[in-house]
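Comments concern the structure below.
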Amino acid sequence: MQATVRTYDPATRSGTVFLDDGTVLDFPTRAFDAGPLLLLRSGQRVNLAVAEGEVTFITLSTFPMP
């Protein structure tokens, strides 16, 4: 699923994204750490893996998903 970064906290490596329908989802540190990213900025398009309503992986749209 695709989304747009809403917020990102580099200290905790967690944040929030907007889904295309406007829904806001939180992503935890473990979702960020599961991918190859070093940082994110507001407005970036990202791909997400979601399981049971929780984001489990986040990466840039140009990077492959696991």
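Chain identifiers are assigned as A, B, and so on, following the order in which chains appear in the structure tokens; residues are numbered from 1 within each chain, and ligands are numbered from 1 in order of appearance.
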
Using only C-alpha atoms, which residues sit within 10 Å of segment 11-14 of chain A once same-chain residues fewer than 4 positions away are excluded, as a PyMOL selection string?
chain A and resi 7+26-33+37-40

I need the chosen residues saved as an mmCIF file, in the first residue's frame, with all heavy atoms.
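Saved result, out_1.cif, follows:
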data_model
loop_
_atom_site.group_PDB
_atom_site.id
_atom_site.type_symbol
_atom_site.label_atom_id
_atom_site.label_comp_id
_atom_site.auth_asym_id
_atom_site.auth_seq_id
_atom_site.Cartn_x
_atom_site.Cartn_y
_atom_site.Cartn_z
ATOM 1 N N THR A 7 4.550 12.819 9.419
ATOM 2 C CA THR A 7 5.553 13.229 10.405
ATOM 3 C C THR A 7 6.603 12.134 10.517
ATOM 4 O O THR A 7 6.328 10.957 10.247
ATOM 5 C CB THR A 7 4.953 13.445 11.812
ATOM 6 O OG1 THR A 7 4.420 12.201 12.284
ATOM 7 C CG2 THR A 7 3.870 14.499 11.798
ATOM 8 N N ASP A 26 -0.044 5.441 12.270
ATOM 9 C CA ASP A 26 1.255 5.530 12.944
ATOM 10 C C ASP A 26 2.147 4.412 12.430
ATOM 11 O O ASP A 26 1.658 3.326 12.131
ATOM 12 C CB ASP A 26 1.092 5.340 14.455
ATOM 13 C CG ASP A 26 0.282 6.441 15.098
ATOM 14 O OD1 ASP A 26 0.389 7.593 14.652
ATOM 15 O OD2 ASP A 26 -0.455 6.146 16.048
ATOM 16 N N PHE A 27 3.459 4.678 12.345
ATOM 17 C CA PHE A 27 4.387 3.576 12.113
ATOM 18 C C PHE A 27 5.415 3.562 13.238
ATOM 19 O O PHE A 27 5.946 4.598 13.627
ATOM 20 C CB PHE A 27 5.042 3.627 10.723
ATOM 21 C CG PHE A 27 5.942 4.804 10.465
ATOM 22 C CD1 PHE A 27 7.294 4.770 10.798
ATOM 23 C CD2 PHE A 27 5.451 5.943 9.864
ATOM 24 C CE1 PHE A 27 8.127 5.847 10.542
ATOM 25 C CE2 PHE A 27 6.268 7.027 9.597
ATOM 26 C CZ PHE A 27 7.609 6.983 9.941
ATOM 27 N N PRO A 28 5.634 2.386 13.808
ATOM 28 C CA PRO A 28 6.550 2.273 14.953
ATOM 29 C C PRO A 28 8.008 2.169 14.504
ATOM 30 O O PRO A 28 8.314 1.941 13.326
ATOM 31 C CB PRO A 28 6.102 0.974 15.617
ATOM 32 C CG PRO A 28 5.577 0.146 14.492
ATOM 33 C CD PRO A 28 4.952 1.121 13.534
ATOM 34 N N THR A 29 8.888 2.296 15.459
ATOM 35 C CA THR A 29 10.324 2.183 15.206
ATOM 36 C C THR A 29 10.672 0.885 14.498
ATOM 37 O O THR A 29 11.466 0.876 13.552
ATOM 38 C CB THR A 29 11.099 2.268 16.542
ATOM 39 O OG1 THR A 29 10.755 3.498 17.183
ATOM 40 C CG2 THR A 29 12.588 2.185 16.336
ATOM 41 N N ARG A 30 10.069 -0.229 14.907
ATOM 42 C CA ARG A 30 10.424 -1.517 14.304
ATOM 43 C C ARG A 30 10.062 -1.579 12.819
ATOM 44 O O ARG A 30 10.730 -2.241 12.051
ATOM 45 C CB ARG A 30 9.822 -2.680 15.085
ATOM 46 C CG ARG A 30 8.338 -2.777 15.075
ATOM 47 C CD ARG A 30 7.849 -3.950 15.945
ATOM 48 N NE ARG A 30 6.444 -3.831 16.222
ATOM 49 C CZ ARG A 30 5.915 -3.122 17.207
ATOM 50 N NH1 ARG A 30 6.696 -2.477 18.040
ATOM 51 N NH2 ARG A 30 4.609 -3.055 17.360
ATOM 52 N N ALA A 31 9.024 -0.862 12.385
ATOM 53 C CA ALA A 31 8.668 -0.821 10.959
ATOM 54 C C ALA A 31 9.727 -0.050 10.179
ATOM 55 O O ALA A 31 10.115 -0.448 9.086
ATOM 56 C CB ALA A 31 7.299 -0.192 10.765
ATOM 57 N N PHE A 32 10.203 1.046 10.742
ATOM 58 C CA PHE A 32 11.259 1.823 10.088
ATOM 59 C C PHE A 32 12.556 1.025 10.052
ATOM 60 O O PHE A 32 13.218 0.945 9.017
ATOM 61 C CB PHE A 32 11.473 3.153 10.820
ATOM 62 C CG PHE A 32 12.486 4.037 10.153
ATOM 63 C CD1 PHE A 32 12.124 4.840 9.085
ATOM 64 C CD2 PHE A 32 13.797 4.054 10.586
ATOM 65 C CE1 PHE A 32 13.059 5.651 8.456
ATOM 66 C CE2 PHE A 32 14.737 4.863 9.973
ATOM 67 C CZ PHE A 32 14.361 5.662 8.909
ATOM 68 N N ASP A 33 12.922 0.403 11.162
ATOM 69 C CA ASP A 33 14.173 -0.363 11.249
ATOM 70 C C ASP A 33 14.169 -1.605 10.362
ATOM 71 O O ASP A 33 15.234 -2.120 10.018
ATOM 72 C CB ASP A 33 14.462 -0.759 12.692
ATOM 73 C CG ASP A 33 14.867 0.438 13.549
ATOM 74 O OD1 ASP A 33 15.155 1.522 12.984
ATOM 75 O OD2 ASP A 33 14.885 0.294 14.783
ATOM 76 N N LEU A 37 15.985 2.402 5.118
ATOM 77 C CA LEU A 37 16.027 3.855 5.179
ATOM 78 C C LEU A 37 16.880 4.378 6.323
ATOM 79 O O LEU A 37 17.010 3.745 7.368
ATOM 80 C CB LEU A 37 14.609 4.406 5.327
ATOM 81 C CG LEU A 37 13.632 4.020 4.224
ATOM 82 C CD1 LEU A 37 12.263 4.608 4.520
ATOM 83 C CD2 LEU A 37 14.131 4.464 2.867
ATOM 84 N N LEU A 38 17.418 5.587 6.104
ATOM 85 C CA LEU A 38 18.165 6.281 7.145
ATOM 86 C C LEU A 38 17.351 7.426 7.733
ATOM 87 O O LEU A 38 17.558 7.818 8.871
ATOM 88 C CB LEU A 38 19.480 6.824 6.586
ATOM 89 C CG LEU A 38 20.441 5.766 6.029
ATOM 90 C CD1 LEU A 38 21.671 6.432 5.444
ATOM 91 C CD2 LEU A 38 20.827 4.783 7.111
ATOM 92 N N LEU A 39 16.432 7.994 6.936
ATOM 93 C CA LEU A 39 15.556 9.063 7.409
ATOM 94 C C LEU A 39 14.396 9.216 6.446
ATOM 95 O O LEU A 39 14.398 8.662 5.352
ATOM 96 C CB LEU A 39 16.311 10.385 7.555
ATOM 97 C CG LEU A 39 16.948 10.964 6.290
ATOM 98 C CD1 LEU A 39 16.041 11.995 5.657
ATOM 99 C CD2 LEU A 39 18.271 11.601 6.650
ATOM 100 N N LEU A 40 13.413 9.970 6.869
ATOM 101 C CA LEU A 40 12.258 10.322 6.042
ATOM 102 C C LEU A 40 11.986 11.799 6.221
ATOM 103 O O LEU A 40 12.412 12.400 7.209
ATOM 104 C CB LEU A 40 11.007 9.546 6.492
ATOM 105 C CG LEU A 40 10.940 8.078 6.148
ATOM 106 C CD1 LEU A 40 9.767 7.421 6.872
ATOM 107 C CD2 LEU A 40 10.807 7.880 4.645
#

Write out as a count of residues only which residues come within 7 Å of Val46 of chain A when counting only C-alpha atoms, dropping same-chain ones fewer than 5 positions away.
7

I need the residues of segment 11-58 of chain A that end up classed as alpha helix (DSSP H) by DSSP on the backbone, written out as a list of chain:residue names.
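So the alpha helix (DSSP H) residues in segment 11-58 of chain A would be A:Thr29, A:Arg30, A:Ala31, A:Phe32, A:Asp33.
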
For atom CA of Leu25 of chain A and atom CA of Arg6 of chain A, quote the distance in Å rounded to one decimal.
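These two atoms are separated by 9.2 Å.
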
Which residues in chain A does DSSP call strand (DSSP E)? List them as an MDAnalysis selection string.
chainID A and resid 2:9 14:19 24:27 45:51 54:60

Generate the output file for the selected residues, N, CA, C and O atoms, as a compact mmCIF listing (two decimals), in the first residue's frame.
# COMPACT_ATOMS: atom_id res chain seq x y z
N GLN A 2 0.43 2.31 -0.62
CA GLN A 2 1.21 3.53 -0.68
C GLN A 2 0.64 4.58 0.26
O GLN A 2 -0.56 4.57 0.58
N ALA A 3 1.51 5.48 0.69
CA ALA A 3 1.11 6.55 1.59
C ALA A 3 2.08 7.72 1.43
O ALA A 3 3.07 7.62 0.70
N THR A 4 1.79 8.80 2.14
CA THR A 4 2.64 9.99 2.15
C THR A 4 3.05 10.25 3.59
O THR A 4 2.21 10.22 4.50
N VAL A 5 4.33 10.51 3.81
CA VAL A 5 4.83 10.78 5.16
C VAL A 5 4.20 12.07 5.69
O VAL A 5 4.23 13.11 5.03
N ARG A 6 3.61 11.96 6.86
CA ARG A 6 3.03 13.12 7.55
C ARG A 6 4.04 13.69 8.54
O ARG A 6 4.31 14.87 8.55
N THR A 7 4.55 12.82 9.42
CA THR A 7 5.55 13.23 10.40
C THR A 7 6.60 12.13 10.52
O THR A 7 6.33 10.96 10.25
N TYR A 8 7.80 12.53 10.93
CA TYR A 8 8.87 11.57 11.20
C TYR A 8 9.74 12.16 12.30
O TYR A 8 10.15 13.32 12.23
N ASP A 9 10.02 11.36 13.33
CA ASP A 9 10.89 11.77 14.43
C ASP A 9 12.19 10.99 14.33
O ASP A 9 12.20 9.78 14.60
N SER A 14 10.21 6.87 14.33
CA SER A 14 8.80 6.53 14.15
C SER A 14 8.07 7.77 13.65
O SER A 14 8.63 8.86 13.62
N GLY A 15 6.80 7.58 13.24
CA GLY A 15 6.06 8.73 12.76
C GLY A 15 4.67 8.36 12.31
O GLY A 15 4.11 7.35 12.75
N THR A 16 4.14 9.17 11.40
CA THR A 16 2.79 8.95 10.87
C THR A 16 2.80 9.14 9.37
O THR A 16 3.66 9.85 8.82
N VAL A 17 1.83 8.51 8.72
CA VAL A 17 1.64 8.66 7.28
C VAL A 17 0.17 8.92 6.99
O VAL A 17 -0.70 8.57 7.79
N PHE A 18 -0.11 9.55 5.84
CA PHE A 18 -1.46 9.69 5.31
C PHE A 18 -1.64 8.63 4.24
O PHE A 18 -0.84 8.54 3.30
N LEU A 19 -2.69 7.83 4.34
CA LEU A 19 -3.07 6.96 3.24
C LEU A 19 -3.74 7.82 2.18
O LEU A 19 -4.11 8.97 2.43
N VAL A 24 -4.92 8.56 8.72
CA VAL A 24 -3.59 8.69 9.32
C VAL A 24 -3.24 7.39 10.03
O VAL A 24 -4.03 6.87 10.82
N LEU A 25 -2.06 6.85 9.73
CA LEU A 25 -1.55 5.65 10.41
C LEU A 25 -0.23 5.97 11.08
O LEU A 25 0.60 6.68 10.51
N ASP A 26 -0.04 5.44 12.27
CA ASP A 26 1.25 5.53 12.94
C ASP A 26 2.15 4.41 12.43
O ASP A 26 1.66 3.33 12.13
N PHE A 27 3.46 4.68 12.34
CA PHE A 27 4.39 3.58 12.11
C PHE A 27 5.41 3.56 13.24
O PHE A 27 5.95 4.60 13.63
N ARG A 45 6.64 10.00 -0.68
CA ARG A 45 5.78 8.85 -0.96
C ARG A 45 6.50 7.60 -0.49
O ARG A 45 7.70 7.44 -0.72
N VAL A 46 5.77 6.74 0.19
CA VAL A 46 6.35 5.51 0.72
C VAL A 46 5.44 4.33 0.43
O VAL A 46 4.24 4.49 0.16
N ASN A 47 6.01 3.15 0.48
CA ASN A 47 5.27 1.89 0.44
C ASN A 47 5.25 1.33 1.85
O ASN A 47 6.25 1.39 2.56
N LEU A 48 4.11 0.73 2.20
CA LEU A 48 3.94 0.16 3.54
C LEU A 48 3.52 -1.29 3.43
O LEU A 48 2.78 -1.67 2.53
N ALA A 49 3.96 -2.07 4.39
CA ALA A 49 3.39 -3.40 4.62
C ALA A 49 2.61 -3.27 5.92
O ALA A 49 3.11 -2.73 6.91
N VAL A 50 1.36 -3.74 5.91
CA VAL A 50 0.49 -3.64 7.08
C VAL A 50 -0.04 -5.03 7.41
O VAL A 50 -0.48 -5.76 6.52
N ALA A 51 0.04 -5.40 8.67
CA ALA A 51 -0.50 -6.67 9.15
C ALA A 51 -1.33 -6.39 10.39
O ALA A 51 -0.85 -5.74 11.32
N GLU A 54 -1.44 -2.83 11.72
CA GLU A 54 -0.20 -2.18 12.15
C GLU A 54 0.81 -2.17 11.01
O GLU A 54 0.99 -3.17 10.32
N VAL A 55 1.48 -1.03 10.83
CA VAL A 55 2.53 -0.93 9.82
C VAL A 55 3.72 -1.76 10.29
O VAL A 55 4.22 -1.58 11.40
N THR A 56 4.17 -2.69 9.43
CA THR A 56 5.28 -3.57 9.79
C THR A 56 6.55 -3.29 9.00
O THR A 56 7.62 -3.77 9.34
N PHE A 57 6.42 -2.50 7.92
CA PHE A 57 7.57 -2.18 7.06
C PHE A 57 7.26 -0.90 6.32
O PHE A 57 6.14 -0.70 5.86
N ILE A 58 8.24 -0.01 6.23
CA ILE A 58 8.07 1.22 5.48
C ILE A 58 9.34 1.48 4.67
O ILE A 58 10.44 1.29 5.18
N THR A 59 9.16 1.86 3.41
CA THR A 59 10.30 2.19 2.56
C THR A 59 9.84 3.16 1.48
O THR A 59 8.64 3.36 1.28
N LEU A 60 10.79 3.74 0.78
CA LEU A 60 10.45 4.65 -0.32
C LEU A 60 9.77 3.88 -1.44
O LEU A 60 10.03 2.68 -1.62

Just give me the gap between atom CA of Met1 of chain A and atom CA of Asp20 of chain A in Å, one decimal is fine.
9.2 Å
